[in-house]
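Below is my_file_14.cif, holding mmCIF, N, CA and C atoms.
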```cif
data_coords
loop_
_atom_site.label_atom_id
_atom_site.label_comp_id
_atom_site.auth_asym_id
_atom_site.auth_seq_id
_atom_site.Cartn_x
_atom_site.Cartn_y
_atom_site.Cartn_z
N MET E 1 -4.60 55.50 26.71
CA MET E 1 -5.99 55.14 26.84
C MET E 1 -6.53 55.66 28.16
N THR E 2 -7.80 55.94 28.17
CA THR E 2 -8.44 56.35 29.41
C THR E 2 -8.78 55.11 30.24
N PHE E 3 -9.23 55.35 31.44
CA PHE E 3 -9.58 54.25 32.33
C PHE E 3 -10.70 53.40 31.72
N GLN E 4 -11.73 54.04 31.19
CA GLN E 4 -12.86 53.31 30.61
C GLN E 4 -12.44 52.54 29.36
N GLU E 5 -11.58 53.13 28.54
CA GLU E 5 -11.09 52.43 27.35
C GLU E 5 -10.27 51.21 27.73
N THR E 6 -9.49 51.35 28.78
CA THR E 6 -8.67 50.22 29.25
C THR E 6 -9.55 49.11 29.80
N MET E 7 -10.61 49.47 30.50
CA MET E 7 -11.55 48.46 31.00
C MET E 7 -12.18 47.70 29.83
N ALA E 8 -12.57 48.42 28.80
CA ALA E 8 -13.17 47.79 27.62
C ALA E 8 -12.14 46.89 26.92
N TRP E 9 -10.90 47.35 26.84
CA TRP E 9 -9.83 46.56 26.23
C TRP E 9 -9.65 45.24 26.98
N GLN E 10 -9.61 45.31 28.32
CA GLN E 10 -9.40 44.09 29.09
C GLN E 10 -10.58 43.14 28.94
N ARG E 11 -11.79 43.67 28.84
CA ARG E 11 -12.95 42.81 28.62
C ARG E 11 -12.81 42.04 27.31
N ILE E 12 -12.37 42.73 26.28
CA ILE E 12 -12.20 42.10 24.96
C ILE E 12 -11.09 41.06 25.00
N GLN E 13 -10.00 41.36 25.70
CA GLN E 13 -8.83 40.49 25.74
C GLN E 13 -8.87 39.45 26.85
N SER E 14 -9.94 39.39 27.61
CA SER E 14 -9.97 38.56 28.82
C SER E 14 -9.67 37.08 28.57
N GLU E 15 -10.20 36.52 27.51
CA GLU E 15 -9.96 35.09 27.23
C GLU E 15 -8.49 34.84 26.94
N LYS E 16 -7.88 35.71 26.17
CA LYS E 16 -6.46 35.58 25.84
C LYS E 16 -5.61 35.72 27.11
N ILE E 17 -5.95 36.67 27.95
CA ILE E 17 -5.21 36.90 29.19
C ILE E 17 -5.33 35.68 30.11
N LYS E 18 -6.55 35.15 30.26
CA LYS E 18 -6.77 33.96 31.09
C LYS E 18 -5.98 32.77 30.57
N ARG E 19 -5.98 32.61 29.26
CA ARG E 19 -5.26 31.49 28.65
C ARG E 19 -3.76 31.58 28.93
N LEU E 20 -3.20 32.77 28.77
CA LEU E 20 -1.77 32.95 29.05
C LEU E 20 -1.47 32.74 30.54
N ALA E 21 -2.38 33.18 31.40
CA ALA E 21 -2.19 32.98 32.84
C ALA E 21 -2.17 31.49 33.17
N LYS E 22 -3.03 30.71 32.51
CA LYS E 22 -3.05 29.26 32.74
C LYS E 22 -1.74 28.61 32.31
N PHE E 23 -1.11 29.18 31.27
CA PHE E 23 0.18 28.68 30.81
C PHE E 23 1.33 29.11 31.73
N GLY E 24 1.04 30.00 32.68
CA GLY E 24 2.07 30.43 33.62
C GLY E 24 2.68 31.79 33.33
N ASP E 25 2.09 32.56 32.43
CA ASP E 25 2.59 33.88 32.10
C ASP E 25 2.45 34.79 33.33
N LYS E 26 3.57 35.26 33.86
CA LYS E 26 3.57 36.05 35.08
C LYS E 26 2.87 37.38 34.91
N LEU E 27 3.06 38.04 33.77
CA LEU E 27 2.43 39.34 33.55
C LEU E 27 0.92 39.20 33.42
N ALA E 28 0.44 38.16 32.78
CA ALA E 28 -1.00 37.92 32.68
C ALA E 28 -1.59 37.65 34.07
N LYS E 29 -0.89 36.88 34.88
CA LYS E 29 -1.35 36.62 36.25
C LYS E 29 -1.39 37.91 37.06
N ARG E 30 -0.36 38.75 36.88
CA ARG E 30 -0.31 40.03 37.58
C ARG E 30 -1.48 40.92 37.17
N LEU E 31 -1.82 40.90 35.90
CA LEU E 31 -2.92 41.71 35.38
C LEU E 31 -4.25 41.24 35.98
N ILE E 32 -4.44 39.95 36.05
CA ILE E 32 -5.68 39.41 36.63
C ILE E 32 -5.77 39.76 38.12
N THR E 33 -4.67 39.61 38.83
CA THR E 33 -4.65 39.94 40.26
C THR E 33 -4.94 41.43 40.48
N ALA E 34 -4.30 42.29 39.69
CA ALA E 34 -4.52 43.73 39.83
C ALA E 34 -5.97 44.10 39.54
N TYR E 35 -6.56 43.45 38.55
CA TYR E 35 -7.96 43.73 38.23
C TYR E 35 -8.87 43.28 39.37
N THR E 36 -8.59 42.13 39.94
CA THR E 36 -9.40 41.62 41.06
C THR E 36 -9.32 42.58 42.25
N VAL E 37 -8.12 43.05 42.56
CA VAL E 37 -7.94 44.01 43.66
C VAL E 37 -8.67 45.31 43.35
N LEU E 38 -8.56 45.78 42.13
CA LEU E 38 -9.25 47.01 41.73
C LEU E 38 -10.76 46.84 41.79
N TYR E 39 -11.25 45.71 41.35
CA TYR E 39 -12.70 45.48 41.33
C TYR E 39 -13.30 45.57 42.73
N ALA E 40 -12.54 45.17 43.73
CA ALA E 40 -13.03 45.23 45.11
C ALA E 40 -13.14 46.67 45.62
N ASP E 41 -12.36 47.59 45.04
CA ASP E 41 -12.36 48.98 45.48
C ASP E 41 -12.15 49.88 44.25
N ARG E 42 -13.17 50.02 43.44
CA ARG E 42 -13.06 50.70 42.15
C ARG E 42 -12.77 52.19 42.25
N THR E 43 -13.07 52.81 43.37
CA THR E 43 -12.87 54.25 43.48
C THR E 43 -11.48 54.62 43.98
N ASN E 44 -10.67 53.64 44.34
CA ASN E 44 -9.32 53.90 44.84
C ASN E 44 -8.39 54.27 43.68
N LEU E 45 -7.94 55.52 43.68
CA LEU E 45 -7.10 56.01 42.58
C LEU E 45 -5.76 55.30 42.50
N PHE E 46 -5.18 54.95 43.65
CA PHE E 46 -3.90 54.23 43.65
C PHE E 46 -4.04 52.88 42.95
N LYS E 47 -5.10 52.16 43.26
CA LYS E 47 -5.33 50.85 42.63
C LYS E 47 -5.61 51.00 41.14
N GLN E 48 -6.31 52.07 40.77
CA GLN E 48 -6.57 52.32 39.35
C GLN E 48 -5.26 52.57 38.60
N ARG E 49 -4.39 53.39 39.20
CA ARG E 49 -3.10 53.69 38.55
C ARG E 49 -2.23 52.44 38.43
N GLU E 50 -2.19 51.63 39.46
CA GLU E 50 -1.40 50.40 39.40
C GLU E 50 -1.91 49.45 38.32
N TRP E 51 -3.23 49.30 38.25
CA TRP E 51 -3.82 48.43 37.23
C TRP E 51 -3.52 48.97 35.83
N MET E 52 -3.61 50.30 35.67
CA MET E 52 -3.32 50.91 34.37
C MET E 52 -1.85 50.69 33.98
N LYS E 53 -0.93 50.76 34.94
CA LYS E 53 0.49 50.51 34.66
C LYS E 53 0.71 49.07 34.19
N ILE E 54 0.06 48.14 34.85
CA ILE E 54 0.22 46.74 34.48
C ILE E 54 -0.39 46.48 33.09
N CYS E 55 -1.53 47.09 32.81
CA CYS E 55 -2.12 46.98 31.47
C CYS E 55 -1.17 47.54 30.42
N ASP E 56 -0.56 48.66 30.73
CA ASP E 56 0.39 49.28 29.81
C ASP E 56 1.59 48.35 29.56
N ASP E 57 2.11 47.77 30.63
CA ASP E 57 3.23 46.82 30.49
C ASP E 57 2.83 45.64 29.62
N TYR E 58 1.63 45.12 29.85
CA TYR E 58 1.14 43.97 29.09
C TYR E 58 1.02 44.32 27.60
N CYS E 59 0.44 45.47 27.31
CA CYS E 59 0.27 45.90 25.92
C CYS E 59 1.61 46.12 25.24
N ARG E 60 2.52 46.78 25.93
CA ARG E 60 3.84 47.04 25.35
C ARG E 60 4.58 45.74 25.06
N ARG E 61 4.52 44.80 25.98
CA ARG E 61 5.17 43.52 25.75
C ARG E 61 4.55 42.81 24.57
N ASP E 62 3.24 42.83 24.49
CA ASP E 62 2.54 42.18 23.40
C ASP E 62 2.90 42.81 22.06
N LEU E 63 2.98 44.14 22.02
CA LEU E 63 3.34 44.82 20.79
C LEU E 63 4.78 44.53 20.39
N THR E 64 5.67 44.47 21.38
CA THR E 64 7.07 44.18 21.10
C THR E 64 7.21 42.79 20.50
N ILE E 65 6.53 41.81 21.06
CA ILE E 65 6.60 40.44 20.56
C ILE E 65 6.00 40.36 19.16
N THR E 66 4.89 41.05 18.95
CA THR E 66 4.26 41.05 17.63
C THR E 66 5.18 41.67 16.59
N THR E 67 5.82 42.77 16.96
CA THR E 67 6.76 43.44 16.05
C THR E 67 7.92 42.52 15.72
N ARG E 68 8.45 41.85 16.73
CA ARG E 68 9.56 40.92 16.49
C ARG E 68 9.15 39.80 15.54
N LYS E 69 7.94 39.31 15.70
CA LYS E 69 7.46 38.23 14.84
C LYS E 69 7.34 38.72 13.39
N GLN E 70 6.83 39.93 13.22
CA GLN E 70 6.71 40.48 11.88
C GLN E 70 8.08 40.66 11.23
N LEU E 71 9.05 41.14 12.01
CA LEU E 71 10.40 41.29 11.47
C LEU E 71 11.01 39.94 11.11
N ALA E 72 10.72 38.94 11.92
CA ALA E 72 11.23 37.61 11.63
C ALA E 72 10.66 37.08 10.32
N GLU E 73 9.37 37.30 10.13
CA GLU E 73 8.74 36.84 8.89
C GLU E 73 9.24 37.61 7.68
N ARG E 74 9.45 38.89 7.86
CA ARG E 74 9.85 39.75 6.75
C ARG E 74 11.32 39.60 6.39
N PHE E 75 12.19 39.52 7.40
CA PHE E 75 13.63 39.55 7.14
C PHE E 75 14.36 38.27 7.51
N GLY E 76 13.64 37.27 8.00
CA GLY E 76 14.27 36.00 8.31
C GLY E 76 15.02 35.98 9.64
N HIS E 77 14.79 36.99 10.48
CA HIS E 77 15.44 37.02 11.79
C HIS E 77 14.66 36.13 12.75
N LYS E 78 15.34 35.19 13.39
CA LYS E 78 14.65 34.27 14.30
C LYS E 78 14.55 34.87 15.70
N ILE E 79 13.39 34.65 16.30
CA ILE E 79 13.15 35.11 17.66
C ILE E 79 13.75 34.09 18.62
N PRO E 80 14.54 34.53 19.60
CA PRO E 80 15.09 33.58 20.57
C PRO E 80 13.98 32.80 21.29
N GLN E 81 14.23 31.57 21.59
CA GLN E 81 13.23 30.67 22.19
C GLN E 81 12.59 31.28 23.45
N GLN E 82 13.38 31.90 24.31
CA GLN E 82 12.84 32.41 25.57
C GLN E 82 11.92 33.61 25.36
N LEU E 83 11.93 34.23 24.18
CA LEU E 83 11.06 35.38 23.91
C LEU E 83 9.81 35.00 23.14
N ARG E 84 9.69 33.76 22.73
CA ARG E 84 8.52 33.35 21.97
C ARG E 84 7.30 33.22 22.86
N ARG E 85 6.14 33.45 22.27
CA ARG E 85 4.89 33.35 22.99
C ARG E 85 4.47 31.89 23.10
N PHE E 86 3.62 31.60 24.07
CA PHE E 86 3.13 30.25 24.26
C PHE E 86 2.19 29.83 23.13
N ASP E 87 1.43 30.78 22.60
CA ASP E 87 0.42 30.45 21.61
C ASP E 87 0.91 30.59 20.16
N SER E 88 2.22 30.78 19.97
CA SER E 88 2.72 30.93 18.60
C SER E 88 3.62 29.78 18.23
#
```
Show me this structure written as structure tokens.
Amino acid sequence: MTFQETMAWQRIQSEKIKRLAKFGDKLAKRLITAYTVLYADRTNLFKQREWMKICDDYCRRDLTITTRKQLAERFGHKIPQQLRRFDS
């Protein structure tokens, strides 16, 4: 995704991210912190890259958990307790 697409994605996902951060999700908290730092200095390329990396990590983790859940439903494989999401 481009920088602008990622900004739009975070705007759409903001409520979900805030909710997970309130539950103590470290990656969601990191994403919020990185966005706050970036917002203070939007033209800084280093801050943009760091925020993009954290967004990528968040998306990959979310997709991995979603995939695991689908496999569990389809094939009866149980997801270990420590890998389950707070909202599932």
Residue nearest Glu5 (chain E) - candidates E:Gln70, E:Ile32, E:Met52, E:Gly24, atoms counted: only C-alpha atoms:
E:Met52
Distance in Å - CA of Arg61 (chain E) versus CA of Tyr39 (chain E):
23.8 Å
Which residues match the PyMOL selection byres (((chain E and resi 10 and name CA) around 12) and name CA) in the file above, as a ChimeraX atom specification?
/E:1,3-9,11-18,28,31-32,34-35,51-52,54-56,58-59
What's the separation between atom C of Gln48 (chain E) and atom C of Thr2 (chain E), in Å to one decimal place?
9.4 Å
Draw an axis-aligned box tight on the listed atoms of region 40-51 of chain E, then pad every side by 8 Å and write out centre and edge lengths in Å to one decimal as lines of an AutoDock Vina configuration file.
```
center_x = -7.3
center_y = 50.6
center_z = 40.7
size_x = 27.8
size_y = 26.8
size_z = 25.8
```
For the atom pair atom C of Thr43 (chain E) and atom N of Lys22 (chain E), what is the interatomic distance in Å to one decimal place?
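According to the coordinates, atom C of Thr43 (chain E) and atom N of Lys22 (chain E) are separated by 27.8 Å.
Among the candidate residues E:Lys26, E:Asn44, E:Gln81, E:Lys69, the one lying nearest to Asp57 (chain E) is E:Lys26, with distances computed using only C-alpha atoms.
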